Amino acid sequence: MDNQYGVAERRMARLLSRFPRIKAWAKSRYAQAAYYLAGRHDVPYEAKRPIRDIGSPGASTFFGYYDKSPLSTDGWLLCHSTVLPTDRPVRPQDSVNVQVFNFSTRQFVRPVMSVPTQSFNWQQGARAQWLDGDQFIFNDFDASAQRYISRVYSVSRRCETRRYDHPVQDSWRREYFLALNYRRLYALRPEYGYSNLPALDEAGVARLHDDGLWYVDQHSGQSRLLYSLRDICDTDPSPDFAHARHKINHVMIGPGGRQFAFLHRYLFGRRKFDRLMLAQADGSGLRVVCANGMVSHCTWVDDFTLLCFLRGPDGHDGYYLVDLHTDTLQPLLGGLLDAMGDGHPSTHGHHFITDCYPDRRRMQHLLLGDLRTGKVEPLGRFHHGFRYGGQARCDLHPRFCPQGRYVFLDSVCSGRRRLYFLELSAEEES
């Protein structure tokens, strides 16, 4: 990992955050210069375990975000598939297929199910996720009603079993799910929104009292606005909030289903600031956990601990374990991984897995760590070409399967976006 960007480079990037357009231009030019000076890459990927890809050889496949497992407890594998070019932003007329494979047969070319959807992005797909071992939910667009919806399918029955008038962001088994406004996301962070409907205009973005997070009961289909953006802004408010544009993203329900974490992001022009917030699924409580300016990616370790990449109270950006009893931060492994920069952590028991953005040689590193022993093991590195950038970038987004035996990741190391998996040894998964 000698080709990682250094402290001085990260400090300069942080200083340029005040000027987002200049930062984006400078970051792109610097990355290209560093790549050629580093001698380019020598292999598409290197992995300590054999890896396999999913899907027809002529298709691009991916799962989406790092907070869900593609594999169900019944052994069905979920992914997105398309023959469209995936190195450009999604267009309103584009669609992908949500496909299901039988993981136990290791036959990953012909799916047992394939359902189209028009509402997706390259970062999170259609938010396809398992509700139980057999049923999965994903987002779509209802053209007749001109609204985003979510649809539930059963693998055993090979048919749609339910649809809801709200698009899913995160779900809790077959009990409830949380929804947000993807038109607001499309206006303020296009790579996480959908393009079927126009982005909210400035007047729509300014409306805070009737937009926010919705609770949808999966049994009755009834929904209610659980927390409005006005509620969120009125929680430990800042005078600056009146002059900012606000959004919610990265909602993650805790292991017990009673509480969830999310990011409140507010923007001044293109400059963004983050707050990590904790809320109750019954609407009884809402509070700020961390508000030091930057919170990037989080995952649950247990019901009262989060593992996050964020800015600490001393201004240091790194991985922290967040104690939700006390809202105190503990550097992960004494800051061992902080020099690699931001990543996408996932946990299984006392193990965690994370990645990094491309280094000087455009390699993304995959790491397995142990919270008990502090041991960190590199599992592989994967090339990410300049062809995939901006909204079309491909983060590894590593995720454990429910039993912890397999790790799934998305990569463009072959020149095509593909979903891969590798198997951990018995010692690594235990």
# chains A, B, ... in the order shown; residues from 1 in each chain; ligands from 1
>>> residues_around(residues="range 416-422 of chain A", least_positions_apart="6", cutoff="8 Å", atoms="only C-alpha atoms", output="count of residues only")
19
>>> residues_around(residues="Pro378 in chain A", least_positions_apart="6", cutoff="10 Å", atoms="only C-alpha atoms", output="list in words")
Met1, Ala47, Lys48, Ile353, Thr354, Asp355, His365, Leu366, Leu367, Leu368 and Gly369 of chain A
>>> residues_around(residues="Ser296 in chain A", least_positions_apart="6", cutoff="8 Å", atoms="only C-alpha atoms", output="PDB file with C-alpha atoms, in the first residue's frame")
ATOM      1  CA  CYS A 308     -17.553   5.244  10.965  1.00  0.00           C
ATOM      2  CA  PHE A 309     -15.141   7.217   8.867  1.00  0.00           C
ATOM      3  CA  LEU A 310     -15.594  10.776  10.103  1.00  0.00           C
ATOM      4  CA  ASP A 342     -12.109   7.034   3.431  1.00  0.00           C
TER       5      ASP A 342
END
>>> closest_residue(among="A:Tyr153, A:Tyr266, A:Phe136, A:Tyr194", to="Leu229 in chain A", atoms="only C-alpha atoms")
A:Tyr266
>>> residues_around(residues="Thr373 in chain A", least_positions_apart="6", cutoff="12 Å", atoms="only C-alpha atoms", output="ChimeraX atom specification")
/A:332-333,350-352
>>> residues_around(residues="Met340 in chain A", least_positions_apart="3", cutoff="7 Å", atoms="only C-alpha atoms", output="PyMOL selection string")
chain A and resi 4+337+356
>>> closest_residue(among="A:Leu71, A:Gly349, A:Thr117, A:Gln123", to="Ile149 in chain A", atoms="only C-alpha atoms")
A:Thr117
>>> select_by_dssp(residues="range 224-315 of chain A", states="strand (DSSP E or B)", output="VMD selection string")
chain A and resid 224 to 228 245 to 253 259 to 268 271 to 280 286 to 293 295 to 302 305 to 311
>>> closest_atom_pairs(of="range 105-137 of chain A", to="range 168-188 of chain A", cutoff="12 Å", atoms="only C-alpha atoms", output="Markdown table")
| residue | atom | partner | partner_atom | distance |
| --- | --- | --- | --- | --- |
| A:Ser119 | CA | A:Tyr182 | CA | 9.8 |
| A:Phe120 | CA | A:Tyr182 | CA | 10.4 |
| A:Asn121 | CA | A:Tyr186 | CA | 10.2 |
| A:Gln124 | CA | A:Gln169 | CA | 9.9 |
| A:Gly125 | CA | A:Gln169 | CA | 11.3 |
| A:Ala126 | CA | A:Val168 | CA | 8.9 |
| A:Arg127 | CA | A:Gln169 | CA | 6.6 |
| A:Ala128 | CA | A:Val168 | CA | 8.7 |
| A:Gln129 | CA | A:Ser171 | CA | 8.0 |
| A:Trp130 | CA | A:Arg173 | CA | 7.7 |
| A:Leu131 | CA | A:Arg173 | CA | 4.5 |
| A:Asp132 | CA | A:Arg173 | CA | 6.0 |
| A:Gly133 | CA | A:Arg173 | CA | 9.7 |
| A:Asp134 | CA | A:Arg174 | CA | 11.0 |
| A:Gln135 | CA | A:Arg174 | CA | 8.9 |
| A:Phe136 | CA | A:Arg174 | CA | 9.7 |
| A:Ile137 | CA | A:Val168 | CA | 7.7 |
>>> closest_residue(among="A:Glu191, A:Pro44, A:Ser81, A:Val112", to="Arg157 in chain A", atoms="only C-alpha atoms")
A:Val112
>>> closest_residue(among="A:Lys272, A:Arg88, A:His316, A:Arg258", to="Ala392 in chain A", atoms="only C-alpha atoms")
A:Arg88
>>> closest_residue(among="A:Arg275, A:Ala261, A:Gly283, A:Phe241", to="Leu307 in chain A", atoms="only C-alpha atoms")
A:Ala261
>>> atom_distance(atom1="CA of Val100 in chain A", atom2="CA of Pro167 in chain A")
20.3 Å
>>> residues_around(residues="Tyr45 in chain A", least_positions_apart="5", cutoff="12 Å", atoms="only C-alpha atoms", output="mmCIF file with N, CA and C atoms, in the first residue's frame")
data_model
loop_
_atom_site.group_PDB
_atom_site.id
_atom_site.type_symbol
_atom_site.label_atom_id
_atom_site.label_comp_id
_atom_site.auth_asym_id
_atom_site.auth_seq_id
_atom_site.Cartn_x
_atom_site.Cartn_y
_atom_site.Cartn_z
ATOM 1 N N PRO A 50 -9.223 -17.139 -4.460
ATOM 2 C CA PRO A 50 -9.832 -17.163 -5.795
ATOM 3 C C PRO A 50 -11.106 -16.318 -5.800
ATOM 4 N N ILE A 51 -11.320 -15.577 -6.869
ATOM 5 C CA ILE A 51 -12.531 -14.778 -6.969
ATOM 6 C C ILE A 51 -13.322 -15.215 -8.196
ATOM 7 N N ARG A 361 -1.649 4.278 -8.221
ATOM 8 C CA ARG A 361 -1.647 3.342 -9.344
ATOM 9 C C ARG A 361 -3.051 2.882 -9.708
ATOM 10 N N ARG A 362 -4.031 3.608 -9.192
ATOM 11 C CA ARG A 362 -5.436 3.341 -9.476
ATOM 12 C C ARG A 362 -5.877 1.980 -8.955
ATOM 13 N N MET A 363 -5.276 1.534 -7.855
ATOM 14 C CA MET A 363 -5.654 0.269 -7.246
ATOM 15 C C MET A 363 -6.490 0.538 -5.997
ATOM 16 N N GLN A 364 -7.599 -0.179 -5.875
ATOM 17 C CA GLN A 364 -8.459 -0.121 -4.691
ATOM 18 C C GLN A 364 -8.133 -1.326 -3.821
ATOM 19 N N HIS A 365 -7.836 -1.079 -2.555
ATOM 20 C CA HIS A 365 -7.398 -2.140 -1.660
ATOM 21 C C HIS A 365 -8.566 -2.656 -0.825
ATOM 22 N N LEU A 366 -8.602 -3.969 -0.644
ATOM 23 C CA LEU A 366 -9.624 -4.653 0.148
ATOM 24 C C LEU A 366 -8.958 -5.224 1.386
ATOM 25 N N LEU A 379 -6.726 -8.456 1.561
ATOM 26 C CA LEU A 379 -7.347 -9.534 0.800
ATOM 27 C C LEU A 379 -7.133 -9.396 -0.699
ATOM 28 N N GLY A 380 -6.846 -8.183 -1.157
ATOM 29 C CA GLY A 380 -6.641 -8.001 -2.581
ATOM 30 C C GLY A 380 -6.594 -6.535 -2.948
ATOM 31 N N ARG A 381 -6.304 -6.294 -4.228
ATOM 32 C CA ARG A 381 -6.335 -4.943 -4.779
ATOM 33 C C ARG A 381 -6.837 -5.038 -6.218
ATOM 34 N N PHE A 382 -7.604 -4.007 -6.626
ATOM 35 C CA PHE A 382 -8.351 -4.064 -7.875
ATOM 36 C C PHE A 382 -8.192 -2.744 -8.616
ATOM 37 N N HIS A 383 -7.893 -2.855 -9.912
ATOM 38 C CA HIS A 383 -7.645 -1.649 -10.696
ATOM 39 C C HIS A 383 -8.945 -0.940 -11.047
ATOM 40 N N HIS A 384 -8.904 0.396 -10.976
ATOM 41 C CA HIS A 384 -10.051 1.236 -11.319
ATOM 42 C C HIS A 384 -9.575 2.270 -12.334
ATOM 43 N N GLY A 385 -9.960 2.091 -13.595
ATOM 44 C CA GLY A 385 -9.517 2.988 -14.652
ATOM 45 C C GLY A 385 -10.193 4.342 -14.613
ATOM 46 N N SER A 411 -16.521 -4.226 -8.953
ATOM 47 C CA SER A 411 -15.238 -3.749 -9.471
ATOM 48 C C SER A 411 -15.312 -3.573 -10.977
ATOM 49 N N VAL A 412 -14.469 -2.670 -11.484
ATOM 50 C CA VAL A 412 -14.300 -2.490 -12.926
ATOM 51 C C VAL A 412 -12.892 -2.901 -13.346
ATOM 52 N N CYS A 413 -12.273 -3.788 -12.572
ATOM 53 C CA CYS A 413 -10.892 -4.190 -12.843
ATOM 54 C C CYS A 413 -10.740 -4.861 -14.197
ATOM 55 N N SER A 414 -11.786 -5.485 -14.717
ATOM 56 C CA SER A 414 -11.731 -6.161 -16.018
ATOM 57 C C SER A 414 -12.030 -5.212 -17.165
ATOM 58 N N GLY A 415 -12.350 -3.964 -16.862
ATOM 59 C CA GLY A 415 -12.804 -3.025 -17.871
ATOM 60 C C GLY A 415 -14.303 -2.966 -17.995
ATOM 61 N N TYR A 420 -18.366 -9.477 -7.919
ATOM 62 C CA TYR A 420 -17.455 -10.574 -7.614
ATOM 63 C C TYR A 420 -17.691 -11.069 -6.195
#
>>> decode(residues="range 67-91 of chain A", atoms="N, CA and C atoms", output="PDB file, in the first residue's frame")
ATOM      1  N   ASP A  67     -24.058  -1.681   2.527  1.00  0.00           N
ATOM      2  CA  ASP A  67     -24.775  -1.907   3.779  1.00  0.00           C
ATOM      3  C   ASP A  67     -25.699  -3.109   3.741  1.00  0.00           C
ATOM      4  N   LYS A  68     -25.801  -3.791   2.610  1.00  0.00           N
ATOM      5  CA  LYS A  68     -26.667  -4.956   2.481  1.00  0.00           C
ATOM      6  C   LYS A  68     -25.890  -6.111   1.873  1.00  0.00           C
ATOM      7  N   SER A  69     -26.347  -7.334   2.130  1.00  0.00           N
ATOM      8  CA  SER A  69     -25.727  -8.512   1.540  1.00  0.00           C
ATOM      9  C   SER A  69     -26.492  -8.937   0.294  1.00  0.00           C
ATOM     10  N   PRO A  70     -25.789  -9.261  -0.803  1.00  0.00           N
ATOM     11  CA  PRO A  70     -26.487  -9.787  -1.985  1.00  0.00           C
ATOM     12  C   PRO A  70     -27.060 -11.184  -1.748  1.00  0.00           C
ATOM     13  N   LEU A  71     -26.528 -11.893  -0.747  1.00  0.00           N
ATOM     14  CA  LEU A  71     -26.901 -13.290  -0.520  1.00  0.00           C
ATOM     15  C   LEU A  71     -27.950 -13.390   0.578  1.00  0.00           C
ATOM     16  N   SER A  72     -29.047 -14.093   0.302  1.00  0.00           N
ATOM     17  CA  SER A  72     -30.097 -14.284   1.303  1.00  0.00           C
ATOM     18  C   SER A  72     -29.748 -15.464   2.199  1.00  0.00           C
ATOM     19  N   THR A  73     -30.467 -15.591   3.305  1.00  0.00           N
ATOM     20  CA  THR A  73     -30.237 -16.705   4.222  1.00  0.00           C
ATOM     21  C   THR A  73     -30.662 -18.034   3.607  1.00  0.00           C
ATOM     22  N   ASP A  74     -31.455 -17.990   2.514  1.00  0.00           N
ATOM     23  CA  ASP A  74     -31.865 -19.213   1.817  1.00  0.00           C
ATOM     24  C   ASP A  74     -30.966 -19.554   0.640  1.00  0.00           C
ATOM     25  N   GLY A  75     -29.890 -18.771   0.444  1.00  0.00           N
ATOM     26  CA  GLY A  75     -28.935 -19.090  -0.611  1.00  0.00           C
ATOM     27  C   GLY A  75     -29.232 -18.506  -1.971  1.00  0.00           C
ATOM     28  N   TRP A  76     -30.111 -17.496  -2.046  1.00  0.00           N
ATOM     29  CA  TRP A  76     -30.368 -16.812  -3.312  1.00  0.00           C
ATOM     30  C   TRP A  76     -29.470 -15.581  -3.415  1.00  0.00           C
ATOM     31  N   LEU A  77     -28.949 -15.347  -4.597  1.00  0.00           N
ATOM     32  CA  LEU A  77     -28.013 -14.240  -4.820  1.00  0.00           C
ATOM     33  C   LEU A  77     -28.687 -13.167  -5.667  1.00  0.00           C
ATOM     34  N   LEU A  78     -28.641 -11.928  -5.187  1.00  0.00           N
ATOM     35  CA  LEU A  78     -29.332 -10.806  -5.803  1.00  0.00           C
ATOM     36  C   LEU A  78     -28.317  -9.863  -6.441  1.00  0.00           C
ATOM     37  N   CYS A  79     -28.578  -9.417  -7.686  1.00  0.00           N
ATOM     38  CA  CYS A  79     -27.699  -8.429  -8.305  1.00  0.00           C
ATOM     39  C   CYS A  79     -28.451  -7.668  -9.387  1.00  0.00           C
ATOM     40  N   HIS A  80     -27.822  -6.584  -9.883  1.00  0.00           N
ATOM     41  CA  HIS A  80     -28.340  -5.829 -11.015  1.00  0.00           C
ATOM     42  C   HIS A  80     -27.539  -6.205 -12.254  1.00  0.00           C
ATOM     43  N   SER A  81     -28.213  -6.218 -13.393  1.00  0.00           N
ATOM     44  CA  SER A  81     -27.547  -6.582 -14.643  1.00  0.00           C
ATOM     45  C   SER A  81     -28.044  -5.679 -15.765  1.00  0.00           C
ATOM     46  N   THR A  82     -27.128  -5.308 -16.672  1.00  0.00           N
ATOM     47  CA  THR A  82     -27.499  -4.470 -17.801  1.00  0.00           C
ATOM     48  C   THR A  82     -26.522  -4.656 -18.948  1.00  0.00           C
ATOM     49  N   VAL A  83     -26.972  -4.404 -20.159  1.00  0.00           N
ATOM     50  CA  VAL A  83     -26.081  -4.378 -21.324  1.00  0.00           C
ATOM     51  C   VAL A  83     -25.762  -2.933 -21.700  1.00  0.00           C
ATOM     52  N   LEU A  84     -26.272  -1.976 -20.937  1.00  0.00           N
ATOM     53  CA  LEU A  84     -25.973  -0.567 -21.181  1.00  0.00           C
ATOM     54  C   LEU A  84     -24.521  -0.269 -20.807  1.00  0.00           C
ATOM     55  N   PRO A  85     -23.916   0.737 -21.418  1.00  0.00           N
ATOM     56  CA  PRO A  85     -22.609   1.192 -20.930  1.00  0.00           C
ATOM     57  C   PRO A  85     -22.769   1.779 -19.536  1.00  0.00           C
ATOM     58  N   THR A  86     -21.895   1.423 -18.616  1.00  0.00           N
ATOM     59  CA  THR A  86     -22.019   1.875 -17.226  1.00  0.00           C
ATOM     60  C   THR A  86     -20.958   2.914 -16.862  1.00  0.00           C
ATOM     61  N   ASP A  87     -20.324   3.502 -17.872  1.00  0.00           N
ATOM     62  CA  ASP A  87     -19.300   4.514 -17.624  1.00  0.00           C
ATOM     63  C   ASP A  87     -19.819   5.925 -17.865  1.00  0.00           C
ATOM     64  N   ARG A  88     -21.109   6.098 -17.865  1.00  0.00           N
ATOM     65  CA  ARG A  88     -21.733   7.409 -18.031  1.00  0.00           C
ATOM     66  C   ARG A  88     -22.904   7.523 -17.072  1.00  0.00           C
ATOM     67  N   PRO A  89     -23.383   8.749 -16.792  1.00  0.00           N
ATOM     68  CA  PRO A  89     -24.531   8.902 -15.897  1.00  0.00           C
ATOM     69  C   PRO A  89     -25.775   8.202 -16.440  1.00  0.00           C
ATOM     70  N   VAL A  90     -26.645   7.782 -15.524  1.00  0.00           N
ATOM     71  CA  VAL A  90     -27.897   7.114 -15.898  1.00  0.00           C
ATOM     72  C   VAL A  90     -28.835   8.127 -16.551  1.00  0.00           C
ATOM     73  N   ARG A  91     -29.504   7.701 -17.635  1.00  0.00           N
ATOM     74  CA  ARG A  91     -30.482   8.540 -18.322  1.00  0.00           C
ATOM     75  C   ARG A  91     -31.906   8.110 -17.955  1.00  0.00           C
TER      76      ARG A  91
END
